[in-house]
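Chemist: As input, take coords-v2.txt (compact mmCIF, C-alpha atoms):
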# COMPACT_ATOMS: atom_id res chain seq x y z
CA MET A 1 0.00 0.00 0.00
CA THR A 2 1.55 3.28 -1.13
CA THR A 3 1.86 6.00 1.50
CA VAL A 4 0.68 9.38 0.19
CA ALA A 5 1.48 12.56 2.07
CA PHE A 6 -1.23 15.12 1.28
CA ILE A 7 -0.48 18.72 2.18
CA GLY A 8 -3.33 21.23 1.97
CA LEU A 9 -6.68 19.84 3.11
CA GLY A 10 -9.01 22.69 2.19
CA ILE A 11 -12.15 22.75 0.05
CA MET A 12 -10.46 20.73 -2.70
CA GLY A 13 -7.64 18.95 -0.91
CA GLY A 14 -9.78 17.53 1.89
CA PRO A 15 -12.12 15.46 -0.29
CA MET A 16 -9.26 14.49 -2.63
CA ALA A 17 -7.30 13.08 0.30
CA ALA A 18 -10.42 11.29 1.54
CA ASN A 19 -10.89 9.67 -1.88
CA LEU A 20 -7.31 8.43 -1.75
CA VAL A 21 -8.10 6.81 1.61
CA ASP A 22 -11.17 5.18 0.09
CA ALA A 23 -9.03 3.89 -2.79
CA GLY A 24 -6.80 2.03 -0.33
CA PHE A 25 -3.85 4.39 0.01
CA ASP A 26 -2.20 5.06 3.36
CA VAL A 27 -2.75 8.83 3.51
CA ILE A 28 -0.99 11.08 5.98
CA GLY A 29 -2.22 14.65 5.84
CA HIS A 30 -0.91 18.01 6.98
CA ASN A 31 -2.67 21.35 7.07
CA ARG A 32 -2.17 24.61 8.93
CA SER A 33 -5.58 24.05 10.51
CA ARG A 34 -5.43 21.05 12.85
CA GLU A 35 -9.20 20.60 12.52
CA LYS A 36 -8.78 19.57 8.87
CA THR A 37 -6.10 16.99 9.59
CA GLU A 38 -8.29 15.56 12.33
CA ARG A 39 -11.14 15.31 9.83
CA LEU A 40 -8.92 13.25 7.54
CA ALA A 41 -7.90 11.02 10.45
CA ALA A 42 -11.57 10.43 11.26
CA ARG A 43 -12.05 9.33 7.65
CA GLY A 44 -9.30 6.71 7.96
CA GLY A 45 -6.15 8.69 7.16
CA ARG A 46 -3.43 9.87 9.51
CA ALA A 47 -2.58 13.34 10.80
CA ALA A 48 0.92 14.86 10.68
CA THR A 49 1.99 17.88 12.72
CA SER A 50 4.57 19.07 10.16
CA VAL A 51 5.50 18.77 6.51
CA GLU A 52 8.63 16.84 7.49
CA GLU A 53 6.60 14.27 9.44
CA ALA A 54 4.17 13.88 6.56
CA VAL A 55 6.69 13.33 3.76
CA ARG A 56 9.66 11.50 5.29
CA ASP A 57 8.24 7.99 4.71
CA ALA A 58 5.92 8.74 1.77
CA GLY A 59 6.28 7.32 -1.71
CA VAL A 60 4.05 10.07 -3.10
CA VAL A 61 3.66 13.66 -1.92
CA ALA A 62 0.60 15.60 -3.09
CA THR A 63 0.00 19.29 -2.53
CA MET A 64 -3.11 21.44 -2.95
CA LEU A 65 -2.27 25.01 -1.97
CA PRO A 66 -3.60 28.50 -2.77
CA ASP A 67 -0.84 30.23 -4.76
CA SER A 68 2.71 30.14 -6.13
CA PRO A 69 4.40 31.46 -2.94
CA ASP A 70 2.64 28.82 -0.84
CA VAL A 71 3.78 26.04 -3.17
CA ARG A 72 7.35 27.36 -3.20
CA ALA A 73 7.46 27.43 0.59
CA VAL A 74 5.96 23.97 1.10
CA LEU A 75 7.98 22.28 -1.64
CA ALA A 76 11.17 23.73 -0.15
CA GLU A 77 10.36 21.62 2.94
CA VAL A 78 9.31 18.65 0.82
CA PHE A 79 12.55 18.76 -1.18
CA ALA A 80 14.54 18.94 2.06
CA HIS A 81 12.91 15.92 3.70
CA ALA A 82 11.47 13.58 1.03
CA ARG A 83 13.35 10.46 0.04
CA PRO A 84 15.07 10.36 -3.37
CA GLY A 85 12.73 8.93 -6.00
CA THR A 86 9.61 10.28 -4.31
CA LEU A 87 6.87 11.31 -6.72
CA VAL A 88 5.71 14.87 -6.01
CA ILE A 89 2.34 15.87 -7.49
CA ASP A 90 1.29 19.50 -7.17
CA PHE A 91 -2.47 19.79 -7.68
CA SER A 92 -2.40 23.55 -6.99
CA THR A 93 -3.00 26.23 -9.60
CA ILE A 94 0.14 28.36 -9.91
CA ARG A 95 2.21 30.19 -12.53
CA PRO A 96 3.52 27.93 -15.32
CA ASP A 97 7.06 29.30 -15.01
CA VAL A 98 7.11 28.58 -11.28
CA ALA A 99 5.92 25.01 -11.91
CA ALA A 100 8.75 24.46 -14.42
CA GLU A 101 11.32 25.91 -12.02
CA LEU A 102 10.16 23.69 -9.16
CA ALA A 103 10.22 20.59 -11.37
CA ALA A 104 13.83 21.33 -12.33
CA GLU A 105 14.79 21.94 -8.70
CA GLY A 106 13.12 18.72 -7.61
CA ALA A 107 14.86 16.73 -10.35
CA GLY A 108 18.17 18.11 -9.11
CA ARG A 109 17.40 16.54 -5.72
CA GLY A 110 16.41 13.19 -7.20
CA LEU A 111 12.65 13.78 -6.97
CA ARG A 112 10.02 13.36 -9.69
CA VAL A 113 7.75 16.40 -9.90
CA LEU A 114 4.48 16.75 -11.80
CA ASP A 115 2.28 19.84 -12.06
CA ALA A 116 -1.29 18.54 -12.08
CA PRO A 117 -3.85 21.32 -11.59
CA VAL A 118 -7.47 20.26 -11.50
CA SER A 119 -10.86 21.50 -12.66
CA GLY A 120 -14.29 20.50 -11.42
CA GLY A 121 -14.70 22.48 -8.22
CA GLU A 122 -15.61 21.17 -4.80
CA GLN A 123 -18.26 18.76 -6.11
CA GLY A 124 -15.81 17.31 -8.62
CA ALA A 125 -13.34 16.74 -5.79
CA ILE A 126 -16.00 15.08 -3.63
CA ASP A 127 -17.14 12.84 -6.49
CA ALA A 128 -13.57 11.96 -7.60
CA ALA A 129 -14.58 13.32 -11.00
CA LEU A 130 -11.96 16.01 -11.51
CA SER A 131 -10.36 16.89 -14.82
CA ILE A 132 -6.60 16.83 -14.33
CA MET A 133 -4.15 18.45 -16.74
CA VAL A 134 -0.63 17.17 -16.15
CA GLY A 135 2.80 18.53 -16.99
CA GLY A 136 5.87 16.31 -16.66
CA THR A 137 7.59 13.30 -18.17
CA GLU A 138 5.63 10.39 -19.61
CA GLU A 139 7.35 8.01 -17.18
CA ASP A 140 6.35 10.00 -14.10
CA PHE A 141 2.84 10.50 -15.46
CA ALA A 142 2.45 6.74 -15.81
CA ALA A 143 3.78 6.18 -12.30
CA ALA A 144 1.20 8.60 -10.90
CA ALA A 145 -1.76 6.92 -12.64
CA PRO A 146 -3.15 5.12 -9.55
CA VAL A 147 -3.25 8.40 -7.63
CA PHE A 148 -4.87 10.28 -10.49
CA ASP A 149 -7.44 7.53 -11.01
CA ALA A 150 -8.49 7.82 -7.36
CA VAL A 151 -9.29 11.54 -7.55
CA GLY A 152 -10.11 12.28 -11.19
CA ARG A 153 -12.11 11.16 -14.18
CA THR A 154 -10.43 12.91 -17.12
CA VAL A 155 -6.65 12.79 -16.75
CA VAL A 156 -4.41 13.93 -19.59
CA ARG A 157 -0.70 14.61 -19.88
CA VAL A 158 -0.53 17.85 -21.86
CA GLY A 159 3.25 18.30 -22.13
CA PRO A 160 6.45 18.86 -20.14
CA ALA A 161 6.76 20.54 -16.75
CA GLY A 162 4.65 23.68 -16.58
CA ALA A 163 2.30 22.60 -19.38
CA GLY A 164 -0.39 21.53 -16.93
CA GLN A 165 -0.46 25.00 -15.44
CA THR A 166 -0.67 26.60 -18.89
CA VAL A 167 -3.73 24.52 -19.75
CA LYS A 168 -5.26 25.26 -16.33
CA ALA A 169 -4.85 28.98 -17.00
CA ALA A 170 -6.80 28.50 -20.23
CA ASN A 171 -9.44 26.54 -18.30
CA GLN A 172 -9.87 29.39 -15.83
CA LEU A 173 -10.20 31.85 -18.68
CA VAL A 174 -13.06 29.83 -20.19
CA VAL A 175 -14.78 29.26 -16.83
CA ALA A 176 -14.63 32.93 -15.83
CA GLY A 177 -15.98 34.07 -19.19
CA THR A 178 -18.78 31.51 -19.10
CA ILE A 179 -19.85 32.43 -15.57
CA GLU A 180 -19.91 36.12 -16.50
CA LEU A 181 -22.04 35.50 -19.58
CA LEU A 182 -24.36 33.22 -17.62
CA ALA A 183 -24.73 35.96 -15.00
CA GLU A 184 -25.58 38.50 -17.69
CA ALA A 185 -28.09 36.10 -19.27
CA ILE A 186 -29.85 35.50 -15.94
CA VAL A 187 -30.10 39.21 -15.15
CA PHE A 188 -31.39 39.81 -18.70
CA ILE A 189 -34.02 37.07 -18.37
CA GLU A 190 -35.14 38.25 -14.93
CA ALA A 191 -35.57 41.80 -16.22
CA HIS A 192 -38.13 40.52 -18.73
CA GLY A 193 -40.13 38.55 -16.16
CA VAL A 194 -39.40 35.18 -17.74
CA ASP A 195 -39.56 31.92 -15.73
CA THR A 196 -35.84 31.66 -15.00
CA GLU A 197 -35.82 27.99 -14.03
CA ALA A 198 -37.56 27.06 -17.26
CA ALA A 199 -35.22 29.31 -19.21
CA LEU A 200 -32.10 27.66 -17.80
CA LYS A 201 -33.56 24.22 -18.49
CA VAL A 202 -34.03 24.92 -22.17
CA LEU A 203 -30.72 26.77 -22.49
CA GLY A 204 -28.97 23.79 -20.93
CA GLY A 205 -30.36 21.49 -23.62
CA GLY A 206 -29.01 23.55 -26.49
CA LEU A 207 -25.68 24.90 -27.69
CA ALA A 208 -25.56 27.27 -24.71
CA GLY A 209 -25.49 24.28 -22.37
CA SER A 210 -22.35 23.77 -20.28
CA ALA A 211 -21.08 22.30 -17.03
CA VAL A 212 -21.03 25.84 -15.68
CA LEU A 213 -24.73 26.33 -16.44
CA GLU A 214 -25.62 22.93 -14.99
CA ARG A 215 -23.60 23.28 -11.78
CA LYS A 216 -23.82 27.00 -11.09
CA GLY A 217 -27.15 28.03 -12.61
CA PRO A 218 -29.58 26.85 -9.87
CA ALA A 219 -27.48 28.35 -7.07
CA MET A 220 -27.20 31.62 -8.98
CA LEU A 221 -30.99 31.81 -9.30
CA ALA A 222 -31.23 31.25 -5.53
CA ARG A 223 -28.51 33.85 -4.88
CA ASP A 224 -26.64 31.13 -2.98
CA PHE A 225 -22.96 31.95 -3.24
CA THR A 226 -21.63 29.43 -0.74
CA PRO A 227 -18.04 28.97 -1.90
CA GLY A 228 -17.14 25.97 -4.00
CA PHE A 229 -14.40 28.05 -5.61
CA ARG A 230 -13.77 31.44 -4.07
CA VAL A 231 -13.70 34.75 -5.95
CA GLU A 232 -10.28 35.54 -4.45
CA LEU A 233 -8.79 32.38 -5.94
CA HIS A 234 -10.27 33.01 -9.37
CA ASP A 235 -8.93 36.57 -9.15
CA LYS A 236 -5.48 35.08 -8.56
CA ASP A 237 -5.94 32.71 -11.50
CA MET A 238 -6.99 35.50 -13.84
CA GLY A 239 -3.82 37.33 -12.86
CA ILE A 240 -1.87 34.26 -13.99
CA VAL A 241 -3.80 34.18 -17.29
CA THR A 242 -3.33 37.85 -18.12
CA ALA A 243 0.37 37.82 -17.21
CA ALA A 244 1.06 34.65 -19.21
CA ALA A 245 -0.87 36.02 -22.20
CA ARG A 246 1.14 39.23 -22.12
CA GLU A 247 4.41 37.29 -21.96
CA ALA A 248 3.34 35.23 -24.98
CA GLY A 249 2.19 38.28 -26.93
CA VAL A 250 -1.39 36.99 -27.00
CA VAL A 251 -4.37 39.37 -26.83
CA ILE A 252 -7.31 38.30 -24.63
CA PRO A 253 -9.68 41.32 -24.69
CA LEU A 254 -12.74 39.55 -23.27
CA GLY A 255 -10.65 37.71 -20.71
CA ALA A 256 -9.08 40.96 -19.58
CA ALA A 257 -12.53 42.51 -19.10
CA VAL A 258 -13.74 39.56 -17.02
CA ALA A 259 -10.53 39.69 -14.98
CA GLN A 260 -11.35 43.30 -14.10
CA LEU A 261 -14.90 42.35 -13.06
CA ILE A 262 -13.62 39.60 -10.80
CA ALA A 263 -11.02 41.97 -9.32
CA SER A 264 -13.82 44.48 -8.68
CA LEU A 265 -15.90 41.87 -6.88
CA ARG A 266 -12.95 41.01 -4.65
CA ALA A 267 -12.20 44.69 -3.99
CA GLN A 268 -15.78 45.14 -2.76
CA GLY A 269 -15.17 42.58 -0.04
CA ASP A 270 -16.73 39.56 -1.72
CA GLY A 271 -13.55 37.54 -2.21
CA GLY A 272 -14.76 34.75 0.07
CA LEU A 273 -17.89 34.06 -1.98
CA ASP A 274 -18.24 31.57 -4.82
CA HIS A 275 -17.15 32.92 -8.20
CA SER A 276 -20.75 32.69 -9.37
CA ALA A 277 -21.25 35.83 -7.27
CA LEU A 278 -20.45 37.66 -10.50
CA LEU A 279 -24.23 37.53 -10.82
CA GLY A 280 -24.58 39.98 -7.94
CA LEU A 281 -22.12 42.36 -9.55
CA VAL A 282 -24.02 42.30 -12.86
CA ALA A 283 -27.32 42.87 -11.02
CA ARG A 284 -25.89 45.86 -9.17
CA LEU A 285 -24.37 47.33 -12.33
CA SER A 286 -27.80 46.95 -13.97
CA GLY A 287 -29.51 48.77 -11.11
CA GLN A 288 -31.72 45.76 -10.45
CA GLU A 289 -30.46 45.10 -6.93
CA LYS A 290 -28.78 47.33 -4.39
CA SER A 291 -27.03 44.27 -3.02
CA ALA A 292 -27.60 40.78 -4.34
CA LEU A 293 -25.07 39.26 -1.96
Could you rewrite the structure in this file as structure tokens?
Modeler:
Amino acid sequence: MTTVAFIGLGIMGGPMAANLVDAGFDVIGHNRSREKTERLAARGGRAATSVEEAVRDAGVVATMLPDSPDVRAVLAEVFAHARPGTLVIDFSTIRPDVAAELAAEGAGRGLRVLDAPVSGGEQGAIDAALSIMVGGTEEDFAAAAPVFDAVGRTVVRVGPAGAGQTVKAANQLVVAGTIELLAEAIVFIEAHGVDTEAALKVLGGGLAGSAVLERKGPAMLARDFTPGFRVELHDKDMGIVTAAAREAGVVIPLGAAVAQLIASLRAQGDGGLDHSALLGLVARLSGQEKSAL
């Protein structure tokens, strides 16, 4: 039974680690909040009080952390204490250049590093149905297959180190744009007094249908913005997208506009809400609601 150290047991990492336990892995978790490690232990995993304790006997180390600086800091400890040959899988969403740098640093220490950001939100993590875009060598990708199969449904190697993060940036661009347009469509429909539930049902059956509409639409109608993926994290991701596009000389005019809307939502104090809270911003801009949140 492979021992997996899982570092970062938040909205996404917690259920992913639990699914690894259910798949038969020996999972030892670490998180800054002790409550979350205790939750994993209650599910059948083990709790570590430090990164060093978590990784020193692990064959696989998985991380799910908020941003590039967090990953740098944690992997510095992982690289210092993990055994040579350990497979390190970073499920976080970070800058592609940082992912490539960390993979090179890990290789220099005899470790095998994959960047493997995920898409599917909290429900996808709970259902072990995540889409995982992986950057790294074919050999390491193959070695990580049992771990990926326990937490994801669509798992694809998209290129060398850093490539997974590049594809994830594109994913976040599409998701943000789709949520914004869905928000505008709902506000538009409501302004005309149409049955919104019926409208979303028929839209979902046509070309406008999407996973975003299916998963986010009902909660948006109910103005329920309980976080599955927080505005503040999508704001960070859109910063990655716009910076990477600029570096590549690529123009993303609609993406840039949506990035500004998400940044505005965060600036107004709504960073802890689900990213579908873009609906509230559109409603306020339209003068339909003083505060939809």
Chemist: By how many Å are CA of Ala5 in chain A and CA of Glu101 in chain A apart?
Modeler: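 If I compute the distance from CA of Ala5 in chain A to CA of Glu101 in chain A, I get 21.8 Å.
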Chemist: Mind giving me the straight-line distance from CA of Gly204 in chain A to CA of Ala183 in chain A in Å, one decimal?
Modeler: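 Computing the Euclidean distance for CA of Gly204 in chain A and CA of Ala183 in chain A yields 14.2 Å.
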Chemist: Which residue gives the smallest distance to Pro227 in chain A among A:Glu184, A:Glu139, A:Asp149, A:Glu122, with all atoms listed in the file counted?
Modeler: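 Once distances to Pro227 in chain A are computed over all atoms listed in the file, the minimum belongs to A:Glu122.
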Chemist: When you count all atoms listed in the file, which of these residues is closest to Ala103 in chain A: A:Leu279, A:Ile252, A:Ala161, A:Ala176?
Modeler: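 Between A:Leu279, A:Ile252, A:Ala161, A:Ala176, the residue approaching Ala103 in chain A most closely is A:Ala161.
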Chemist: Could you give me, as a JSON list (two decimals) with C-alpha atoms, in the coordinates of the input, the residues within 12 Å of Arg32 in chain A, counting all atoms listed in the file and dropping anything in the same chain fewer than 5 positions from it?
Modeler:
[["chain", "number", "residue", "atom", "x", "y", "z"],
["A", 7, "ILE", "CA", -0.48, 18.72, 2.18],
["A", 8, "GLY", "CA", -3.33, 21.23, 1.97],
["A", 9, "LEU", "CA", -6.68, 19.84, 3.11],
["A", 10, "GLY", "CA", -9.01, 22.69, 2.19],
["A", 37, "THR", "CA", -6.10, 16.99, 9.59],
["A", 38, "GLU", "CA", -8.29, 15.56, 12.33],
["A", 47, "ALA", "CA", -2.58, 13.34, 10.80],
["A", 48, "ALA", "CA", 0.92, 14.86, 10.68],
["A", 49, "THR", "CA", 1.99, 17.88, 12.72],
["A", 50, "SER", "CA", 4.57, 19.07, 10.16],
["A", 51, "VAL", "CA", 5.50, 18.77, 6.51],
["A", 65, "LEU", "CA", -2.27, 25.01, -1.97],
["A", 70, "ASP", "CA", 2.64, 28.82, -0.84],
["A", 74, "VAL", "CA", 5.96, 23.97, 1.10]]
Chemist: From the set A:Ser68, A:Ser119, A:Thr226, A:Thr3, which residue has the shortest atom-to-atom contact distance to Asp274 in chain A, counting all atoms listed in the file?
Modeler: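 Distance minimum relative to Asp274 in chain A lands on A:Thr226.
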Chemist: Extending 6 Å beyond the listed atoms of range 169-183 of chain A on each side, what axis-aligned box results? I want centre and edge lengths in Å to one decimal, as JSON.
Modeler:
{"center_x": -14.8, "center_y": 31.3, "center_z": -17.6, "size_x": 31.9, "size_y": 21.6, "size_z": 17.2}
Chemist: Have a look at A:Ala211, A:Leu221, A:Met133, A:Ile262 and name the one nearest to Pro160 in chain A; count only C-alpha atoms.
Modeler: A:Met133
Chemist: Counting all atoms listed in the file, which of A:Phe79, A:Phe91, A:Phe25, A:Phe148 gets nearest to Gly106 in chain A?
Modeler: A:Phe79
Chemist: I want to know what sits within 12 Å of Val155 in chain A, based on only C-alpha atoms, with residues of the same chain fewer than 2 positions away left out; could you give that as a PDB file with C-alpha atoms, in the coordinates of the input?
Modeler:
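Output (part.pdb):
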ATOM      1  CA  ALA A 116      -1.290  18.540 -12.080  1.00  0.00           C
ATOM      2  CA  PRO A 117      -3.850  21.320 -11.590  1.00  0.00           C
ATOM      3  CA  VAL A 118      -7.470  20.260 -11.500  1.00  0.00           C
ATOM      4  CA  SER A 119     -10.860  21.500 -12.660  1.00  0.00           C
ATOM      5  CA  ALA A 128     -13.570  11.960  -7.600  1.00  0.00           C
ATOM      6  CA  ALA A 129     -14.580  13.320 -11.000  1.00  0.00           C
ATOM      7  CA  LEU A 130     -11.960  16.010 -11.510  1.00  0.00           C
ATOM      8  CA  SER A 131     -10.360  16.890 -14.820  1.00  0.00           C
ATOM      9  CA  ILE A 132      -6.600  16.830 -14.330  1.00  0.00           C
ATOM     10  CA  MET A 133      -4.150  18.450 -16.740  1.00  0.00           C
ATOM     11  CA  VAL A 134      -0.630  17.170 -16.150  1.00  0.00           C
ATOM     12  CA  GLY A 135       2.800  18.530 -16.990  1.00  0.00           C
ATOM     13  CA  PHE A 141       2.840  10.500 -15.460  1.00  0.00           C
ATOM     14  CA  ALA A 142       2.450   6.740 -15.810  1.00  0.00           C
ATOM     15  CA  ALA A 144       1.200   8.600 -10.900  1.00  0.00           C
ATOM     16  CA  ALA A 145      -1.760   6.920 -12.640  1.00  0.00           C
ATOM     17  CA  PRO A 146      -3.150   5.120  -9.550  1.00  0.00           C
ATOM     18  CA  VAL A 147      -3.250   8.400  -7.630  1.00  0.00           C
ATOM     19  CA  PHE A 148      -4.870  10.280 -10.490  1.00  0.00           C
ATOM     20  CA  ASP A 149      -7.440   7.530 -11.010  1.00  0.00           C
ATOM     21  CA  ALA A 150      -8.490   7.820  -7.360  1.00  0.00           C
ATOM     22  CA  VAL A 151      -9.290  11.540  -7.550  1.00  0.00           C
ATOM     23  CA  GLY A 152     -10.110  12.280 -11.190  1.00  0.00           C
ATOM     24  CA  ARG A 153     -12.110  11.160 -14.180  1.00  0.00           C
ATOM     25  CA  ARG A 157      -0.700  14.610 -19.880  1.00  0.00           C
ATOM     26  CA  VAL A 158      -0.530  17.850 -21.860  1.00  0.00           C
ATOM     27  CA  GLY A 164      -0.390  21.530 -16.930  1.00  0.00           C
TER      28      GLY A 164
END
